[in-house]
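Participant: Following this line is final28.tsv, made up of TSV, C-alpha atoms:
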chain	number	residue	atom	x	y	z
A	7	MET	CA	8.52	63.44	85.92
A	8	GLY	CA	9.78	67.02	86.44
A	9	VAL	CA	7.81	69.95	85.19
A	10	GLU	CA	8.84	73.30	83.74
A	11	THR	CA	5.66	75.08	82.76
A	12	PRO	CA	4.25	78.52	83.41
A	13	ARG	CA	1.20	78.61	85.63
A	14	PRO	CA	-1.58	80.81	84.31
A	15	GLY	CA	-2.30	83.89	86.38
A	16	SER	CA	0.79	83.61	88.59
A	17	SER	CA	3.17	86.15	87.12
A	18	ALA	CA	3.45	88.15	90.35
A	19	PRO	CA	6.76	88.06	92.24
A	20	VAL	CA	7.13	85.20	94.69
A	21	ASP	CA	7.02	87.51	97.71
A	22	ALA	CA	4.23	89.94	96.92
A	23	SER	CA	5.09	92.05	99.98
A	24	SER	CA	8.36	93.20	98.42
A	25	ASP	CA	9.95	93.79	95.05
A	26	THR	CA	12.03	90.64	95.20
A	27	ALA	CA	12.87	88.48	92.21
A	28	ALA	CA	13.68	85.52	94.42
A	29	ASP	CA	12.64	81.98	93.57
A	30	LEU	CA	10.49	80.19	96.14
A	31	VAL	CA	12.01	76.84	97.13
A	32	LEU	CA	9.35	74.46	98.47
A	33	TYR	CA	11.01	71.57	100.31
A	34	ASP	CA	9.97	68.43	102.17
A	35	GLY	CA	9.75	69.51	105.80
A	36	ASP	CA	10.15	65.90	106.99
A	37	CYS	CA	13.42	65.25	105.15
A	38	GLY	CA	16.86	65.62	106.70
A	39	LEU	CA	18.52	65.93	103.27
A	40	CYS	CA	16.13	68.74	102.32
A	41	HIS	CA	16.84	70.60	105.57
A	42	GLY	CA	20.57	70.29	104.93
A	43	ALA	CA	20.14	71.59	101.39
A	44	VAL	CA	18.15	74.60	102.61
A	45	LYS	CA	20.81	75.40	105.22
A	46	ARG	CA	23.51	75.26	102.52
A	47	LEU	CA	21.46	77.48	100.21
A	48	LEU	CA	21.18	80.04	103.01
A	49	VAL	CA	24.97	80.15	103.15
A	50	TRP	CA	25.47	80.24	99.38
A	51	ASP	CA	22.82	82.92	98.85
A	52	LYS	CA	24.14	85.19	101.58
A	53	ASP	CA	22.12	88.28	100.72
A	54	GLY	CA	18.86	86.40	100.17
A	55	SER	CA	18.34	87.82	96.70
A	56	ARG	CA	17.89	84.46	94.97
A	57	PHE	CA	15.77	82.23	97.22
A	58	LEU	CA	12.90	82.21	99.71
A	59	TYR	CA	11.79	78.99	101.42
A	60	ALA	CA	8.63	77.23	102.55
A	61	PRO	CA	7.78	73.62	103.46
A	62	LEU	CA	5.74	71.67	100.90
A	63	ALA	CA	3.17	70.83	103.58
A	64	GLY	CA	2.78	74.48	104.62
A	65	GLU	CA	0.27	77.24	103.91
A	66	THR	CA	2.41	78.94	101.28
A	67	ALA	CA	2.75	75.77	99.21
A	68	ALA	CA	-0.98	75.05	99.49
A	69	ALA	CA	-1.79	78.55	98.29
A	70	ARG	CA	0.74	78.54	95.44
A	71	LEU	CA	0.26	74.96	94.17
A	72	PRO	CA	-3.48	74.22	94.47
A	73	ASP	CA	-3.98	73.05	90.89
A	74	LEU	CA	-0.91	70.87	90.44
A	75	GLY	CA	-2.40	67.70	91.89
A	76	PRO	CA	-0.14	65.20	93.64
A	77	LEU	CA	3.50	66.29	93.59
A	78	PRO	CA	6.38	63.94	93.00
A	79	ASP	CA	8.74	63.21	95.88
A	80	SER	CA	10.60	66.38	95.00
A	81	ILE	CA	11.49	69.91	95.82
A	82	VAL	CA	9.52	72.45	93.84
A	83	VAL	CA	11.03	75.76	92.75
A	84	LEU	CA	8.64	78.52	91.73
A	85	ASP	CA	10.31	81.27	89.73
A	86	PRO	CA	9.10	84.90	89.70
A	87	GLY	CA	7.65	84.39	86.21
A	88	GLY	CA	5.21	81.78	87.54
A	89	ALA	CA	6.90	78.63	86.20
A	90	HIS	CA	7.39	75.69	88.55
A	91	HIS	CA	10.31	73.27	88.41
A	92	THR	CA	10.44	69.81	90.01
A	93	GLU	CA	12.99	67.00	90.34
A	94	PHE	CA	16.11	67.58	88.22
A	95	ALA	CA	14.61	70.73	86.69
A	96	ALA	CA	14.47	72.21	90.23
A	97	VAL	CA	18.12	71.32	90.85
A	98	ARG	CA	19.04	72.83	87.49
A	99	ARG	CA	17.13	76.03	88.35
A	100	VAL	CA	18.85	76.34	91.74
A	101	LEU	CA	22.30	75.85	90.17
A	102	THR	CA	21.50	78.41	87.48
A	103	ARG	CA	20.40	80.97	90.08
A	104	LEU	CA	23.53	80.34	92.17
A	105	GLY	CA	25.62	80.88	89.02
A	106	GLU	CA	24.09	84.31	88.40
A	107	GLY	CA	26.83	86.59	89.65
A	108	GLY	CA	28.20	83.93	91.97
A	109	PRO	CA	31.54	82.15	91.98
A	110	TRP	CA	32.62	80.57	88.67
A	111	TYR	CA	32.06	77.01	89.87
A	112	TRP	CA	28.28	77.54	90.21
A	113	GLY	CA	28.18	78.63	86.58
A	114	LEU	CA	30.15	75.54	85.61
A	115	LEU	CA	27.82	73.23	87.57
A	116	ALA	CA	24.80	74.96	86.02
A	117	ALA	CA	26.26	74.45	82.53
A	118	CYS	CA	26.81	70.76	83.29
A	119	ALA	CA	23.21	70.47	84.49
A	120	ARG	CA	21.95	72.17	81.31
A	121	ILE	CA	23.72	69.64	79.06
A	122	THR	CA	22.66	66.65	81.15
A	123	PRO	CA	19.69	64.94	79.48
A	124	ARG	CA	16.58	65.54	81.53
A	125	PHE	CA	15.65	61.84	81.78
A	126	LEU	CA	19.10	61.00	83.23
A	127	GLY	CA	18.91	63.85	85.73
A	128	ASP	CA	15.42	62.79	86.80
A	129	LEU	CA	16.57	59.17	87.18
A	130	GLY	CA	19.39	60.26	89.49
A	131	TYR	CA	17.09	62.56	91.40
A	132	ARG	CA	14.50	59.83	91.94
A	133	PHE	CA	17.16	57.38	93.12
A	134	VAL	CA	18.41	59.81	95.78
A	135	ALA	CA	14.82	60.70	96.75
A	136	ARG	CA	14.05	57.01	97.32
A	137	ILE	CA	16.97	56.41	99.71
A	138	ARG	CA	17.31	59.81	101.40
A	139	ARG	CA	15.30	58.90	104.50
A	140	ARG	CA	17.63	55.96	105.17
A	141	LEU	CA	20.70	58.17	104.84
A	142	PHE	CA	19.60	61.34	106.65
A	143	ALA	CA	17.85	61.58	110.03
A	144	PRO	CA	14.46	63.31	109.93
A	145	PRO	CA	14.45	66.86	111.30
A	146	THR	CA	12.54	67.89	114.41
A	147	GLY	CA	10.47	70.61	112.68
A	148	ALA	CA	9.35	71.77	109.25
A	149	CYS	CA	11.75	74.74	109.16
A	150	PRO	CA	15.48	74.31	109.66
A	151	LEU	CA	16.92	76.08	112.68
A	152	VAL	CA	18.45	79.24	111.23
A	153	PRO	CA	19.81	82.48	112.64
A	154	LYS	CA	17.15	85.12	113.38
A	155	ASP	CA	18.41	87.36	110.58
A	156	GLN	CA	17.65	84.55	108.08
A	157	ALA	CA	14.15	83.78	109.41
A	158	ARG	CA	12.65	86.51	107.18
A	159	ARG	CA	13.39	84.26	104.20
A	160	PHE	CA	10.98	81.53	105.36
A	161	ARG	CA	7.25	81.36	104.71
A	162	PRO	CA	4.72	79.22	106.61
Could you take the file, read its structure, and then write that structure out as structure tokens?
Facilitator:
Amino acid sequence: MGVETPRPGSSAPVDASSDTAADLVLYDGDCGLCHGAVKRLLVWDKDGSRFLYAPLAGETAAARLPDLGPLPDSIVVLDPGGAHHTEFAAVRRVLTRLGEGGPWYWGLLAACARITPRFLGDLGYRFVARIRRRLFAPPTGACPLVPKDQARRFRP
């Protein structure tokens, strides 16, 4: 089940070394679908103002999610306010952030996600999560191969 709750004591920006208000997208480093999604997000968030990235099995995720217990088979999005979003809530958060000042269609997709009942969105998310490894080849590393100018957006 997806979660949208603030985490106590984590109201600092995602990247404490800068004044960014970017969400931190924690993704499955062993999933080809997740790698493809991160690569697309890099293109859609050209200036890097909305998202930073780290693998779920990495140091950043371990430091930021120590008290959550076992995570669902999901991406996790941590917003600058300290809330974490999983499953369909994470997809909804990403679409909402893309719609902020982006092309009109992201706003439309975000609006559709907001009116979609959470249980239906989570059902669809879980279905895709279950079959994704059969549909997409596993990547060769935890971080997608990206241009050097984009590497600053990735955390260990």
Participant: Under the rule that only C-alpha atoms are counted, which of A:Phe57, A:Phe94, A:Phe142, A:Trp50 is the nearest residue to Pro123 in chain A?
Facilitator: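 Of A:Phe57, A:Phe94, A:Phe142, A:Trp50, the one nearest Pro123 in chain A is A:Phe94, counting only C-alpha atoms.
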Participant: Point out the residue among A:Ala116, A:Ala157, A:Leu30, A:Val44 with the least atom-to-atom distance to Gly87 in chain A, counting all atoms listed in the file.
Facilitator: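 Using all atoms listed in the file, Gly87 in chain A sits closest to A:Leu30.
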Participant: Of the candidates A:Asp53, A:Asp128, A:Asp34, A:Asp155, which one gets nearest to Ala67 in chain A if we count only C-alpha atoms?
Facilitator: A:Asp34
Participant: Around (5.5, 75.8, 105.3) in the file's own coordinates, what residues are found within 10 Å if you use only C-alpha atoms, given back as an MDAnalysis selection string?
Facilitator: chainID A and resid 32:35 59:68 148:149 160:162
Participant: Could you tell me which of A:Val49, A:Ala89, A:Ile81, A:Ala69 comes closest to Ala135 in chain A if we count only C-alpha atoms?
Facilitator: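 For Ala135 in chain A, the nearest of the candidates is A:Ile81.
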Participant: Just to confirm, what's the straight-line distance from CA of Cys37 in chain A to CA of Arg139 in chain A in Å (one decimal)?
Facilitator: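 The value is 6.7 Å.
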Participant: Give me, as a PyMOL selection string, all polymer residues having an atom no more than 12 Å from Leu126 in chain A, counting only C-alpha atoms and skipping those fewer than 5 positions away in the same chain.
Facilitator: chain A and resi 7-8+93-95+119-121+131-133
Participant: Could you check the closest approach to Thr102 in chain A for each of A:Leu115, A:Leu39, A:Ser55, A:His90 and tell me which residue wins, using all atoms listed in the file?
Facilitator: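 Of the candidates, the smallest distance to Thr102 in chain A is held by A:Leu115.
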Participant: As an exercise, work out the distance from CA of Trp110 in chain A to CA of His91 in chain A in Å and give it to one decimal place.
Facilitator: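 These atoms are spaced 23.5 Å apart.
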Participant: One decimal, Å: what's the distance from CA of Arg56 in chain A over to CA of Gly105 in chain A, could you say?
Facilitator: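 These atoms are spaced 10.4 Å apart.
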